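Colleague: Here it is: the structure, laid out below.
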Amino acid sequence: MFQTFKNLKISERAGEIMKAIAKADTVCKSREYTAASGVVAMTSRGLGDIFCITVADSMTEVEKKVMMDLEGRIGCPLGDAEVILREEFNRPHPRMKDSTCFIQFEIFKECV
């Protein structure tokens with residue numbers, strides 16, 4: 001599953017979305033952390049929802065369930081989501097137990 005996240009596609013509008021979010025009033029709605037993942041949900045007023053995801057390579061079934069729940073919240077498979085930022089790190093995450101590397105990405109869900 002970790003390999004899947006490395007293949008996430010960045011939105012063509014990523015730069016435009018990031019600039020708009022930087023100027024907007026952004027409010028944190030929730031934070032969920034497990035031993036090998038973290039999801040922070042925020043709302044950028046007037047623009048939409050942003051989900052900041054960190055996933056370590058030490059993920060277990062617990063983290064896989066968190067990712068499946070996230071797909072339900074964003075309304076589509078992760079591979080089809082509008083990713084606005086993706087970074088890969090070839091070092092352990094300081095808070096994620098037994099990780100050797102991790103990936104961080106942000107998904108944007110526009111207001112309808």
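In the structure tokens, the first chain shown is A, the next is B, and so on; residue numbers restart at 1 for each chain, and ligands run from 1 in the order shown.
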Just want the 10 Å neighbourhood of segment 13-23 of chain A, counted on only C-alpha atoms, with same-chain residues fewer than 2 positions away dropped. Output as a ChimeraX atom specification.

Modeller: /A:10-11,25-26,43-50,82-85,107-108,110

Colleague: Keeping only all heavy atoms, write the selected residues to a file as a compact mmCIF listing (two decimals), in the first residue's frame.

Modeller:
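Dumped to out34.txt:
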```txt
# COMPACT_ATOMS: atom_id res chain seq x y z
N ILE A 10 0.01 14.65 -8.80
CA ILE A 10 -0.21 16.01 -8.31
C ILE A 10 -1.19 16.72 -9.26
O ILE A 10 -1.07 16.62 -10.47
CB ILE A 10 1.11 16.81 -8.27
CG1 ILE A 10 2.16 16.09 -7.43
CG2 ILE A 10 0.89 18.22 -7.75
CD1 ILE A 10 1.85 15.97 -5.97
N SER A 11 -2.15 17.42 -8.69
CA SER A 11 -3.14 18.16 -9.47
C SER A 11 -2.48 19.18 -10.38
O SER A 11 -1.48 19.81 -10.02
CB SER A 11 -4.10 18.88 -8.52
OG SER A 11 -4.90 19.81 -9.23
N ASP A 25 -8.67 31.83 5.29
CA ASP A 25 -8.76 31.51 6.71
C ASP A 25 -8.91 30.00 6.83
O ASP A 25 -9.92 29.44 6.40
CB ASP A 25 -9.96 32.24 7.31
CG ASP A 25 -10.09 32.05 8.81
OD1 ASP A 25 -9.11 31.58 9.44
OD2 ASP A 25 -11.16 32.36 9.35
N THR A 26 -7.91 29.33 7.37
CA THR A 26 -7.91 27.86 7.46
C THR A 26 -8.07 27.42 8.92
O THR A 26 -7.38 27.92 9.80
CB THR A 26 -6.62 27.28 6.87
OG1 THR A 26 -6.48 27.76 5.53
CG2 THR A 26 -6.63 25.77 6.84
N THR A 43 -10.36 22.94 7.17
CA THR A 43 -11.26 23.61 6.24
C THR A 43 -10.66 24.96 5.91
O THR A 43 -10.28 25.71 6.80
CB THR A 43 -12.66 23.79 6.86
OG1 THR A 43 -13.23 22.52 7.07
CG2 THR A 43 -13.56 24.58 5.92
N SER A 44 -10.58 25.26 4.63
CA SER A 44 -10.15 26.56 4.17
C SER A 44 -11.42 27.28 3.76
O SER A 44 -12.05 26.93 2.75
CB SER A 44 -9.19 26.39 2.99
OG SER A 44 -8.53 27.57 2.71
N ARG A 45 -11.83 28.25 4.56
CA ARG A 45 -13.14 28.89 4.39
C ARG A 45 -13.35 29.42 2.98
O ARG A 45 -12.54 30.17 2.47
CB ARG A 45 -13.32 30.00 5.41
CG ARG A 45 -13.45 29.45 6.81
CD ARG A 45 -14.27 30.33 7.71
NE ARG A 45 -14.45 29.66 8.99
CZ ARG A 45 -13.93 30.07 10.14
NH1 ARG A 45 -13.23 31.17 10.18
NH2 ARG A 45 -14.14 29.40 11.25
N GLY A 46 -14.46 29.00 2.39
CA GLY A 46 -14.82 29.44 1.06
C GLY A 46 -14.17 28.65 -0.06
O GLY A 46 -14.55 28.80 -1.22
N LEU A 47 -13.20 27.81 0.26
CA LEU A 47 -12.50 27.05 -0.77
C LEU A 47 -12.79 25.56 -0.71
O LEU A 47 -13.12 24.94 -1.71
CB LEU A 47 -10.99 27.27 -0.66
CG LEU A 47 -10.50 28.69 -0.91
CD1 LEU A 47 -9.00 28.79 -0.64
CD2 LEU A 47 -10.80 29.13 -2.33
N GLY A 48 -12.65 24.97 0.49
CA GLY A 48 -12.89 23.54 0.62
C GLY A 48 -12.12 22.92 1.76
O GLY A 48 -11.60 23.61 2.62
N ASP A 49 -12.05 21.60 1.74
CA ASP A 49 -11.37 20.84 2.78
C ASP A 49 -9.99 20.40 2.32
O ASP A 49 -9.79 20.09 1.15
CB ASP A 49 -12.18 19.59 3.16
CG ASP A 49 -13.49 19.95 3.82
OD1 ASP A 49 -13.54 20.96 4.55
OD2 ASP A 49 -14.48 19.22 3.61
N ILE A 50 -9.06 20.38 3.26
CA ILE A 50 -7.70 19.92 2.99
C ILE A 50 -7.39 18.80 3.98
O ILE A 50 -7.64 18.95 5.18
CB ILE A 50 -6.67 21.05 3.18
CG1 ILE A 50 -7.07 22.27 2.36
CG2 ILE A 50 -5.28 20.58 2.78
CD1 ILE A 50 -6.86 23.55 3.10
N GLU A 82 -7.46 14.76 -5.66
CA GLU A 82 -6.74 15.93 -6.14
C GLU A 82 -5.63 16.27 -5.14
O GLU A 82 -5.83 16.95 -4.15
CB GLU A 82 -7.70 17.11 -6.28
CG GLU A 82 -7.05 18.30 -6.94
CD GLU A 82 -8.06 19.34 -7.43
OE1 GLU A 82 -9.18 19.38 -6.94
OE2 GLU A 82 -7.69 20.11 -8.33
N VAL A 83 -4.45 15.72 -5.41
CA VAL A 83 -3.30 15.90 -4.53
C VAL A 83 -2.63 17.23 -4.87
O VAL A 83 -2.33 17.50 -6.03
CB VAL A 83 -2.30 14.73 -4.67
CG1 VAL A 83 -1.06 14.96 -3.82
CG2 VAL A 83 -2.98 13.42 -4.28
N ILE A 84 -2.42 18.06 -3.85
CA ILE A 84 -1.82 19.37 -4.10
C ILE A 84 -0.37 19.46 -3.61
O ILE A 84 0.32 20.42 -3.90
CB ILE A 84 -2.67 20.51 -3.50
CG1 ILE A 84 -2.90 20.32 -2.01
CG2 ILE A 84 -3.99 20.64 -4.25
CD1 ILE A 84 -3.60 21.47 -1.31
N LEU A 85 0.05 18.46 -2.86
CA LEU A 85 1.44 18.44 -2.37
C LEU A 85 1.84 17.01 -2.10
O LEU A 85 1.04 16.23 -1.56
CB LEU A 85 1.53 19.26 -1.07
CG LEU A 85 2.89 19.30 -0.38
CD1 LEU A 85 3.89 20.11 -1.20
CD2 LEU A 85 2.77 19.90 1.01
N ILE A 107 -4.44 16.48 0.24
CA ILE A 107 -5.55 16.31 -0.69
C ILE A 107 -6.48 17.50 -0.52
O ILE A 107 -6.74 17.93 0.60
CB ILE A 107 -6.31 15.00 -0.40
CG1 ILE A 107 -5.43 13.80 -0.73
CG2 ILE A 107 -7.62 14.94 -1.16
CD1 ILE A 107 -5.99 12.49 -0.30
N PHE A 108 -6.97 18.01 -1.62
CA PHE A 108 -7.90 19.14 -1.58
C PHE A 108 -9.26 18.69 -2.10
O PHE A 108 -9.36 18.05 -3.13
CB PHE A 108 -7.38 20.28 -2.45
CG PHE A 108 -8.31 21.46 -2.54
CD1 PHE A 108 -8.52 22.25 -1.43
CD2 PHE A 108 -8.96 21.75 -3.71
CE1 PHE A 108 -9.37 23.35 -1.49
CE2 PHE A 108 -9.81 22.84 -3.79
CZ PHE A 108 -10.02 23.64 -2.67
N GLU A 110 -12.73 20.45 -3.03
CA GLU A 110 -13.33 21.76 -3.26
C GLU A 110 -14.76 21.84 -2.74
O GLU A 110 -15.49 20.86 -2.77
CB GLU A 110 -13.33 22.02 -4.77
CG GLU A 110 -13.47 23.46 -5.16
CD GLU A 110 -13.11 23.70 -6.62
OE1 GLU A 110 -12.90 22.73 -7.37
OE2 GLU A 110 -13.03 24.87 -6.99
```

Colleague: Could you name the residues that touch Phe2 of chain A at 9 Å or less, counting only C-alpha atoms, but leaving out those on the same chain fewer than 3 positions away, as a list in words?

Modeller: Phe5, Lys6, Val55, Ala56, Asp57, Ser58, Met59, Phe102 and Ile103 of chain A

Colleague: Quick one: pull the distance between atom CA of Ala41 of chain A and atom CA of Val66 of chain A, Å, one decimal.

Modeller: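 A separation of 12.8 Å between them.
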
Colleague: How many Å lie between atom CA of Pro92 of chain A and atom CA of Pro77 of chain A, rounded to one decimal?

Modeller: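 Computing it gives 26.5 Å between the two atoms.
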
Colleague: Measuring atom to atom with only C-alpha atoms, identify which of A:Met68, A:Ser37, A:Glu87, A:Leu8 is nearest to Ile53 of chain A.

Modeller: A:Ser37

Colleague: My list of candidates is A:Met42, A:Ala35, A:Met96, A:Met67. Which is closest to Lys109 of chain A when distances are computed with only C-alpha atoms?

Modeller: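 Of A:Met42, A:Ala35, A:Met96, A:Met67, the one nearest Lys109 of chain A, counting only C-alpha atoms, is A:Met42.
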
Colleague: Mind checking which residues fall within 8 Å of Gly38 of chain A, counting only C-alpha atoms, ignoring those fewer than 4 positions away in the same chain, and posting them as a PDB file with all heavy atoms, in the first residue's frame?

Modeller:
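Full text of out.pdb as output:
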```
ATOM      1  N   ARG A  31      -7.630  15.811  14.148  1.00  0.00           N
ATOM      2  CA  ARG A  31      -6.318  15.174  13.983  1.00  0.00           C
ATOM      3  C   ARG A  31      -6.462  13.725  14.418  1.00  0.00           C
ATOM      4  O   ARG A  31      -6.992  13.457  15.485  1.00  0.00           O
ATOM      5  CB  ARG A  31      -5.273  15.856  14.873  1.00  0.00           C
ATOM      6  CG  ARG A  31      -4.849  17.207  14.422  1.00  0.00           C
ATOM      7  CD  ARG A  31      -3.762  17.743  15.361  1.00  0.00           C
ATOM      8  NE  ARG A  31      -3.154  18.949  14.833  1.00  0.00           N
ATOM      9  CZ  ARG A  31      -3.564  20.175  15.119  1.00  0.00           C
ATOM     10  NH1 ARG A  31      -4.584  20.346  15.931  1.00  0.00           N
ATOM     11  NH2 ARG A  31      -2.962  21.210  14.604  1.00  0.00           N
ATOM     12  N   GLU A  32      -5.985  12.805  13.576  1.00  0.00           N
ATOM     13  CA  GLU A  32      -6.002  11.388  13.924  1.00  0.00           C
ATOM     14  C   GLU A  32      -4.590  10.849  13.743  1.00  0.00           C
ATOM     15  O   GLU A  32      -4.015  10.976  12.679  1.00  0.00           O
ATOM     16  CB  GLU A  32      -6.930  10.603  12.981  1.00  0.00           C
ATOM     17  CG  GLU A  32      -8.362  11.074  12.948  1.00  0.00           C
ATOM     18  CD  GLU A  32      -9.100  10.463  11.765  1.00  0.00           C
ATOM     19  OE1 GLU A  32      -9.055   9.228  11.610  1.00  0.00           O
ATOM     20  OE2 GLU A  32      -9.694  11.221  10.992  1.00  0.00           O
ATOM     21  N   TYR A  33      -4.044  10.250  14.799  1.00  0.00           N
ATOM     22  CA  TYR A  33      -2.699   9.695  14.721  1.00  0.00           C
ATOM     23  C   TYR A  33      -2.709   8.238  15.165  1.00  0.00           C
ATOM     24  O   TYR A  33      -3.394   7.874  16.112  1.00  0.00           O
ATOM     25  CB  TYR A  33      -1.727  10.473  15.625  1.00  0.00           C
ATOM     26  CG  TYR A  33      -1.515  11.898  15.210  1.00  0.00           C
ATOM     27  CD1 TYR A  33      -2.091  12.936  15.914  1.00  0.00           C
ATOM     28  CD2 TYR A  33      -0.743  12.201  14.082  1.00  0.00           C
ATOM     29  CE1 TYR A  33      -1.902  14.258  15.517  1.00  0.00           C
ATOM     30  CE2 TYR A  33      -0.551  13.518  13.689  1.00  0.00           C
ATOM     31  CZ  TYR A  33      -1.125  14.534  14.413  1.00  0.00           C
ATOM     32  OH  TYR A  33      -0.942  15.834  14.025  1.00  0.00           O
ATOM     33  N   THR A  34      -1.941   7.410  14.466  1.00  0.00           N
ATOM     34  CA  THR A  34      -1.716   6.030  14.885  1.00  0.00           C
ATOM     35  C   THR A  34      -0.199   5.861  14.972  1.00  0.00           C
ATOM     36  O   THR A  34       0.539   6.825  14.800  1.00  0.00           O
ATOM     37  CB  THR A  34      -2.308   5.025  13.874  1.00  0.00           C
ATOM     38  OG1 THR A  34      -1.585   5.139  12.648  1.00  0.00           O
ATOM     39  CG2 THR A  34      -3.788   5.286  13.613  1.00  0.00           C
ATOM     40  N   CYS A  52      -4.247  16.565   5.305  1.00  0.00           N
ATOM     41  CA  CYS A  52      -2.794  16.391   5.310  1.00  0.00           C
ATOM     42  C   CYS A  52      -2.495  14.994   5.851  1.00  0.00           C
ATOM     43  O   CYS A  52      -2.820  14.702   7.001  1.00  0.00           O
ATOM     44  CB  CYS A  52      -2.136  17.437   6.190  1.00  0.00           C
ATOM     45  SG  CYS A  52      -2.549  19.109   5.703  1.00  0.00           S
ATOM     46  N   ILE A  53      -1.894  14.157   5.038  1.00  0.00           N
ATOM     47  CA  ILE A  53      -1.681  12.754   5.396  1.00  0.00           C
ATOM     48  C   ILE A  53      -0.192  12.456   5.477  1.00  0.00           C
ATOM     49  O   ILE A  53       0.585  12.853   4.606  1.00  0.00           O
ATOM     50  CB  ILE A  53      -2.328  11.814   4.341  1.00  0.00           C
ATOM     51  CG1 ILE A  53      -3.834  12.048   4.281  1.00  0.00           C
ATOM     52  CG2 ILE A  53      -2.049  10.352   4.655  1.00  0.00           C
ATOM     53  CD1 ILE A  53      -4.288  12.925   3.195  1.00  0.00           C
ATOM     54  N   THR A  54       0.209  11.767   6.537  1.00  0.00           N
ATOM     55  CA  THR A  54       1.572  11.270   6.677  1.00  0.00           C
ATOM     56  C   THR A  54       1.476   9.761   6.857  1.00  0.00           C
ATOM     57  O   THR A  54       0.713   9.297   7.699  1.00  0.00           O
ATOM     58  CB  THR A  54       2.272  11.881   7.912  1.00  0.00           C
ATOM     59  OG1 THR A  54       2.212  13.302   7.811  1.00  0.00           O
ATOM     60  CG2 THR A  54       3.716  11.447   7.990  1.00  0.00           C
ATOM     61  N   VAL A  55       2.211   9.023   6.048  1.00  0.00           N
ATOM     62  CA  VAL A  55       2.169   7.568   6.131  1.00  0.00           C
ATOM     63  C   VAL A  55       3.591   7.016   6.173  1.00  0.00           C
ATOM     64  O   VAL A  55       4.390   7.302   5.284  1.00  0.00           O
ATOM     65  CB  VAL A  55       1.431   6.943   4.922  1.00  0.00           C
ATOM     66  CG1 VAL A  55       1.310   5.435   5.102  1.00  0.00           C
ATOM     67  CG2 VAL A  55       0.067   7.561   4.733  1.00  0.00           C
TER      68      VAL A  55
END
```

Colleague: Could you find all residues in chain A that DSSP calls helix (DSSP H, G or I) from the backbone, and write them as JSON, numbers by chain?

Modeller: {"A": [2, 3, 4, 5, 6, 14, 15, 16, 17, 18, 19, 20, 21, 22, 23, 61, 62, 63, 64, 65, 66, 67, 68, 69, 70, 71, 72, 73, 74, 78, 79, 80]}

Colleague: Could those residues be written to a file, using N, CA, C and O atoms, as a compact mmCIF listing (two decimals), in the first residue's frame?

Modeller:
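As written to disk, result-v8.txt reads:
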```
# COMPACT_ATOMS: atom_id res chain seq x y z
N PHE A 2 1.99 1.23 0.69
CA PHE A 2 2.89 2.38 0.72
C PHE A 2 3.34 2.74 -0.69
O PHE A 2 3.42 3.91 -1.05
N GLN A 3 3.61 1.73 -1.50
CA GLN A 3 4.04 1.97 -2.88
C GLN A 3 2.98 2.75 -3.65
O GLN A 3 3.30 3.61 -4.47
N THR A 4 1.71 2.48 -3.37
CA THR A 4 0.60 3.17 -4.04
C THR A 4 0.70 4.68 -3.82
O THR A 4 0.46 5.46 -4.73
N PHE A 5 1.05 5.08 -2.60
CA PHE A 5 1.11 6.50 -2.30
C PHE A 5 2.24 7.18 -3.06
O PHE A 5 2.16 8.36 -3.35
N LYS A 6 3.30 6.45 -3.40
CA LYS A 6 4.40 7.04 -4.15
C LYS A 6 3.95 7.39 -5.57
O LYS A 6 4.56 8.20 -6.24
N ALA A 14 -2.42 22.52 -8.68
CA ALA A 14 -1.81 22.53 -7.35
C ALA A 14 -1.28 23.90 -6.95
O ALA A 14 -1.55 24.37 -5.85
N GLY A 15 -0.53 24.55 -7.81
CA GLY A 15 0.02 25.86 -7.49
C GLY A 15 -1.05 26.88 -7.20
O GLY A 15 -0.98 27.64 -6.22
N GLU A 16 -2.07 26.90 -8.04
CA GLU A 16 -3.20 27.83 -7.89
C GLU A 16 -3.93 27.57 -6.58
O GLU A 16 -4.25 28.50 -5.83
N ILE A 17 -4.17 26.30 -6.27
CA ILE A 17 -4.88 25.93 -5.04
C ILE A 17 -4.05 26.30 -3.81
O ILE A 17 -4.57 26.87 -2.86
N MET A 18 -2.75 26.01 -3.84
CA MET A 18 -1.88 26.33 -2.70
C MET A 18 -1.85 27.83 -2.43
O MET A 18 -1.90 28.26 -1.28
N LYS A 19 -1.80 28.65 -3.48
CA LYS A 19 -1.80 30.11 -3.31
C LYS A 19 -3.11 30.57 -2.69
O LYS A 19 -3.12 31.43 -1.81
N ALA A 20 -4.22 30.02 -3.17
CA ALA A 20 -5.54 30.41 -2.65
C ALA A 20 -5.67 30.02 -1.18
O ALA A 20 -6.15 30.81 -0.36
N ILE A 21 -5.21 28.82 -0.83
CA ILE A 21 -5.30 28.33 0.55
C ILE A 21 -4.43 29.20 1.47
O ILE A 21 -4.83 29.52 2.59
N ALA A 22 -3.27 29.61 0.99
CA ALA A 22 -2.36 30.43 1.79
C ALA A 22 -2.98 31.77 2.18
O ALA A 22 -2.68 32.32 3.23
N LYS A 23 -3.89 32.26 1.34
CA LYS A 23 -4.54 33.55 1.61
C LYS A 23 -5.84 33.40 2.40
O LYS A 23 -6.36 34.39 2.92
N GLU A 61 -2.51 -3.11 9.62
CA GLU A 61 -3.93 -3.13 9.28
C GLU A 61 -4.67 -1.93 9.86
O GLU A 61 -5.61 -1.42 9.27
N VAL A 62 -4.22 -1.47 11.03
CA VAL A 62 -4.87 -0.29 11.66
C VAL A 62 -4.75 0.91 10.74
O VAL A 62 -5.73 1.62 10.49
N GLU A 63 -3.55 1.17 10.22
CA GLU A 63 -3.35 2.30 9.33
C GLU A 63 -4.07 2.11 8.00
O GLU A 63 -4.59 3.07 7.42
N LYS A 64 -4.12 0.89 7.51
CA LYS A 64 -4.83 0.64 6.25
C LYS A 64 -6.31 0.98 6.42
O LYS A 64 -6.94 1.52 5.51
N LYS A 65 -6.87 0.70 7.60
CA LYS A 65 -8.26 1.06 7.86
C LYS A 65 -8.43 2.57 7.90
O LYS A 65 -9.41 3.11 7.37
N VAL A 66 -7.46 3.28 8.50
CA VAL A 66 -7.51 4.75 8.53
C VAL A 66 -7.54 5.29 7.10
O VAL A 66 -8.30 6.20 6.78
N MET A 67 -6.73 4.72 6.20
CA MET A 67 -6.69 5.17 4.81
C MET A 67 -8.00 4.85 4.09
O MET A 67 -8.48 5.65 3.29
N MET A 68 -8.59 3.70 4.39
CA MET A 68 -9.88 3.37 3.78
C MET A 68 -10.97 4.33 4.26
O MET A 68 -11.80 4.78 3.47
N ASP A 69 -10.94 4.68 5.54
CA ASP A 69 -11.88 5.66 6.08
C ASP A 69 -11.69 7.01 5.41
O ASP A 69 -12.65 7.72 5.13
N LEU A 70 -10.42 7.36 5.15
CA LEU A 70 -10.12 8.62 4.49
C LEU A 70 -10.73 8.65 3.09
O LEU A 70 -11.27 9.68 2.67
N GLU A 71 -10.65 7.54 2.37
CA GLU A 71 -11.26 7.48 1.04
C GLU A 71 -12.75 7.77 1.12
O GLU A 71 -13.30 8.47 0.26
N GLY A 72 -13.40 7.27 2.17
CA GLY A 72 -14.82 7.55 2.36
C GLY A 72 -15.06 9.04 2.61
O GLY A 72 -16.03 9.62 2.10
N ARG A 73 -14.18 9.66 3.36
CA ARG A 73 -14.34 11.07 3.68
C ARG A 73 -14.09 11.99 2.48
O ARG A 73 -14.73 13.03 2.35
N ILE A 74 -13.14 11.61 1.63
CA ILE A 74 -12.88 12.46 0.46
C ILE A 74 -13.77 12.09 -0.73
O ILE A 74 -13.84 12.83 -1.69
N LEU A 78 -7.94 7.07 -3.12
CA LEU A 78 -6.80 7.98 -2.95
C LEU A 78 -6.09 8.25 -4.28
O LEU A 78 -5.65 9.37 -4.53
N GLY A 79 -6.00 7.25 -5.13
CA GLY A 79 -5.33 7.42 -6.42
C GLY A 79 -6.02 8.40 -7.35
O GLY A 79 -5.40 8.92 -8.28
N ASP A 80 -7.31 8.68 -7.10
CA ASP A 80 -8.07 9.61 -7.94
C ASP A 80 -8.24 10.98 -7.29
O ASP A 80 -8.87 11.87 -7.85
```

Colleague: Check the smallest atom-to-atom distance from each of A:Ala24, A:Ser30, A:Asn7, A:Gly75 to Glu88 of chain A using only C-alpha atoms, then report the winner.

Modeller: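 Of A:Ala24, A:Ser30, A:Asn7, A:Gly75, the one nearest Glu88 of chain A is A:Asn7, counting only C-alpha atoms.
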
Colleague: Have a look at atom CA of Gln104 of chain A and atom CA of Ala36 of chain A and let me know their distance in Å, one decimal.

Modeller: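 Computing the Euclidean distance for atom CA of Gln104 of chain A and atom CA of Ala36 of chain A yields 11.9 Å.
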
Colleague: For the strand (DSSP E or B) assignment from backbone DSSP, which residues of chain A qualify? Please present them as a PyMOL selection string.

Modeller: chain A and resi 10+26-33+37-44+48-56+83-89+102-110

Colleague: Mind writing the picked residues with N, CA and C atoms as a CSV table (one decimal), in the first residue's frame?

Modeller:
```csv
chain,number,residue,atom,x,y,z
A,10,ILE,N,0.0,14.7,-8.8
A,10,ILE,CA,-0.2,16.0,-8.3
A,10,ILE,C,-1.2,16.7,-9.3
A,26,THR,N,-7.9,29.3,7.4
A,26,THR,CA,-7.9,27.9,7.5
A,26,THR,C,-8.1,27.4,8.9
A,27,VAL,N,-9.0,26.5,9.1
A,27,VAL,CA,-9.3,26.0,10.5
A,27,VAL,C,-9.1,24.5,10.6
A,28,CYS,N,-8.4,24.1,11.6
A,28,CYS,CA,-8.2,22.6,11.8
A,28,CYS,C,-9.5,22.0,12.4
A,29,LYS,N,-10.0,20.9,11.8
A,29,LYS,CA,-11.2,20.3,12.2
A,29,LYS,C,-10.9,19.0,13.1
A,30,SER,N,-9.9,18.3,12.7
A,30,SER,CA,-9.6,17.1,13.5
A,30,SER,C,-8.2,16.6,13.2
A,31,ARG,N,-7.6,15.8,14.1
A,31,ARG,CA,-6.3,15.2,14.0
A,31,ARG,C,-6.5,13.7,14.4
A,32,GLU,N,-6.0,12.8,13.6
A,32,GLU,CA,-6.0,11.4,13.9
A,32,GLU,C,-4.6,10.8,13.7
A,33,TYR,N,-4.0,10.3,14.8
A,33,TYR,CA,-2.7,9.7,14.7
A,33,TYR,C,-2.7,8.2,15.2
A,37,SER,N,0.8,6.5,11.0
A,37,SER,CA,0.1,7.4,10.1
A,37,SER,C,-0.5,8.6,10.9
A,38,GLY,N,-0.8,9.6,10.1
A,38,GLY,CA,-1.5,10.7,10.7
A,38,GLY,C,-2.3,11.4,9.7
A,39,VAL,N,-3.6,11.8,10.0
A,39,VAL,CA,-4.4,12.5,9.1
A,39,VAL,C,-4.9,13.8,9.8
A,40,VAL,N,-4.6,14.9,9.3
A,40,VAL,CA,-5.1,16.2,9.8
A,40,VAL,C,-6.1,16.8,8.8
A,41,ALA,N,-7.3,17.0,9.3
A,41,ALA,CA,-8.4,17.5,8.4
A,41,ALA,C,-8.6,19.0,8.7
A,42,MET,N,-8.6,19.8,7.7
A,42,MET,CA,-8.7,21.3,7.9
A,42,MET,C,-9.8,21.8,6.9
A,43,THR,N,-10.4,22.9,7.2
A,43,THR,CA,-11.3,23.6,6.2
A,43,THR,C,-10.7,25.0,5.9
A,44,SER,N,-10.6,25.3,4.6
A,44,SER,CA,-10.1,26.6,4.2
A,44,SER,C,-11.4,27.3,3.8
A,48,GLY,N,-12.6,25.0,0.5
A,48,GLY,CA,-12.9,23.5,0.6
A,48,GLY,C,-12.1,22.9,1.8
A,49,ASP,N,-12.0,21.6,1.7
A,49,ASP,CA,-11.4,20.8,2.8
A,49,ASP,C,-10.0,20.4,2.3
A,50,ILE,N,-9.1,20.4,3.3
A,50,ILE,CA,-7.7,19.9,3.0
A,50,ILE,C,-7.4,18.8,4.0
A,51,PHE,N,-6.9,17.7,3.5
A,51,PHE,CA,-6.5,16.6,4.3
A,51,PHE,C,-5.0,16.4,4.2
A,52,CYS,N,-4.2,16.6,5.3
A,52,CYS,CA,-2.8,16.4,5.3
A,52,CYS,C,-2.5,15.0,5.9
A,53,ILE,N,-1.9,14.2,5.0
A,53,ILE,CA,-1.7,12.8,5.4
A,53,ILE,C,-0.2,12.5,5.5
A,54,THR,N,0.2,11.8,6.5
A,54,THR,CA,1.6,11.3,6.7
A,54,THR,C,1.5,9.8,6.9
A,55,VAL,N,2.2,9.0,6.0
A,55,VAL,CA,2.2,7.6,6.1
A,55,VAL,C,3.6,7.0,6.2
A,56,ALA,N,3.9,6.2,7.2
A,56,ALA,CA,5.2,5.6,7.3
A,56,ALA,C,5.1,4.2,6.7
A,83,VAL,N,-4.4,15.7,-5.4
A,83,VAL,CA,-3.3,15.9,-4.5
A,83,VAL,C,-2.6,17.2,-4.9
A,84,ILE,N,-2.4,18.1,-3.8
A,84,ILE,CA,-1.8,19.4,-4.1
A,84,ILE,C,-0.4,19.5,-3.6
A,85,LEU,N,0.1,18.5,-2.9
A,85,LEU,CA,1.4,18.4,-2.4
A,85,LEU,C,1.8,17.0,-2.1
A,86,ARG,N,3.0,16.6,-2.5
A,86,ARG,CA,3.5,15.3,-2.2
A,86,ARG,C,5.0,15.4,-1.9
A,87,GLU,N,5.5,14.8,-0.8
A,87,GLU,CA,6.9,14.8,-0.4
A,87,GLU,C,7.2,13.4,0.1
A,88,GLU,N,8.4,12.8,-0.3
A,88,GLU,CA,8.8,11.5,0.1
A,88,GLU,C,10.1,11.7,0.9
A,89,PHE,N,10.2,11.0,2.0
A,89,PHE,CA,11.4,11.1,2.9
A,89,PHE,C,12.0,9.7,3.1
A,102,PHE,N,9.0,7.7,5.0
A,102,PHE,CA,7.6,8.0,5.0
A,102,PHE,C,7.3,9.0,3.9
A,103,ILE,N,6.0,9.1,3.7
A,103,ILE,CA,5.5,10.0,2.6
A,103,ILE,C,4.4,10.9,3.2
A,104,GLN,N,4.4,12.2,2.8
A,104,GLN,CA,3.4,13.2,3.2
A,104,GLN,C,2.7,13.7,2.0
A,105,PHE,N,1.4,13.8,2.0
A,105,PHE,CA,0.7,14.5,0.9
A,105,PHE,C,-0.5,15.2,1.4
A,106,GLU,N,-1.0,16.1,0.6
A,106,GLU,CA,-2.2,16.8,0.9
A,106,GLU,C,-3.2,16.7,-0.2
A,107,ILE,N,-4.4,16.5,0.2
A,107,ILE,CA,-5.6,16.3,-0.7
A,107,ILE,C,-6.5,17.5,-0.5
A,108,PHE,N,-7.0,18.0,-1.6
A,108,PHE,CA,-7.9,19.1,-1.6
A,108,PHE,C,-9.3,18.7,-2.1
A,109,LYS,N,-10.3,19.0,-1.3
A,109,LYS,CA,-11.7,18.7,-1.7
A,109,LYS,C,-12.4,20.0,-1.8
A,110,GLU,N,-12.7,20.4,-3.0
A,110,GLU,CA,-13.3,21.8,-3.3
A,110,GLU,C,-14.8,21.8,-2.7
```
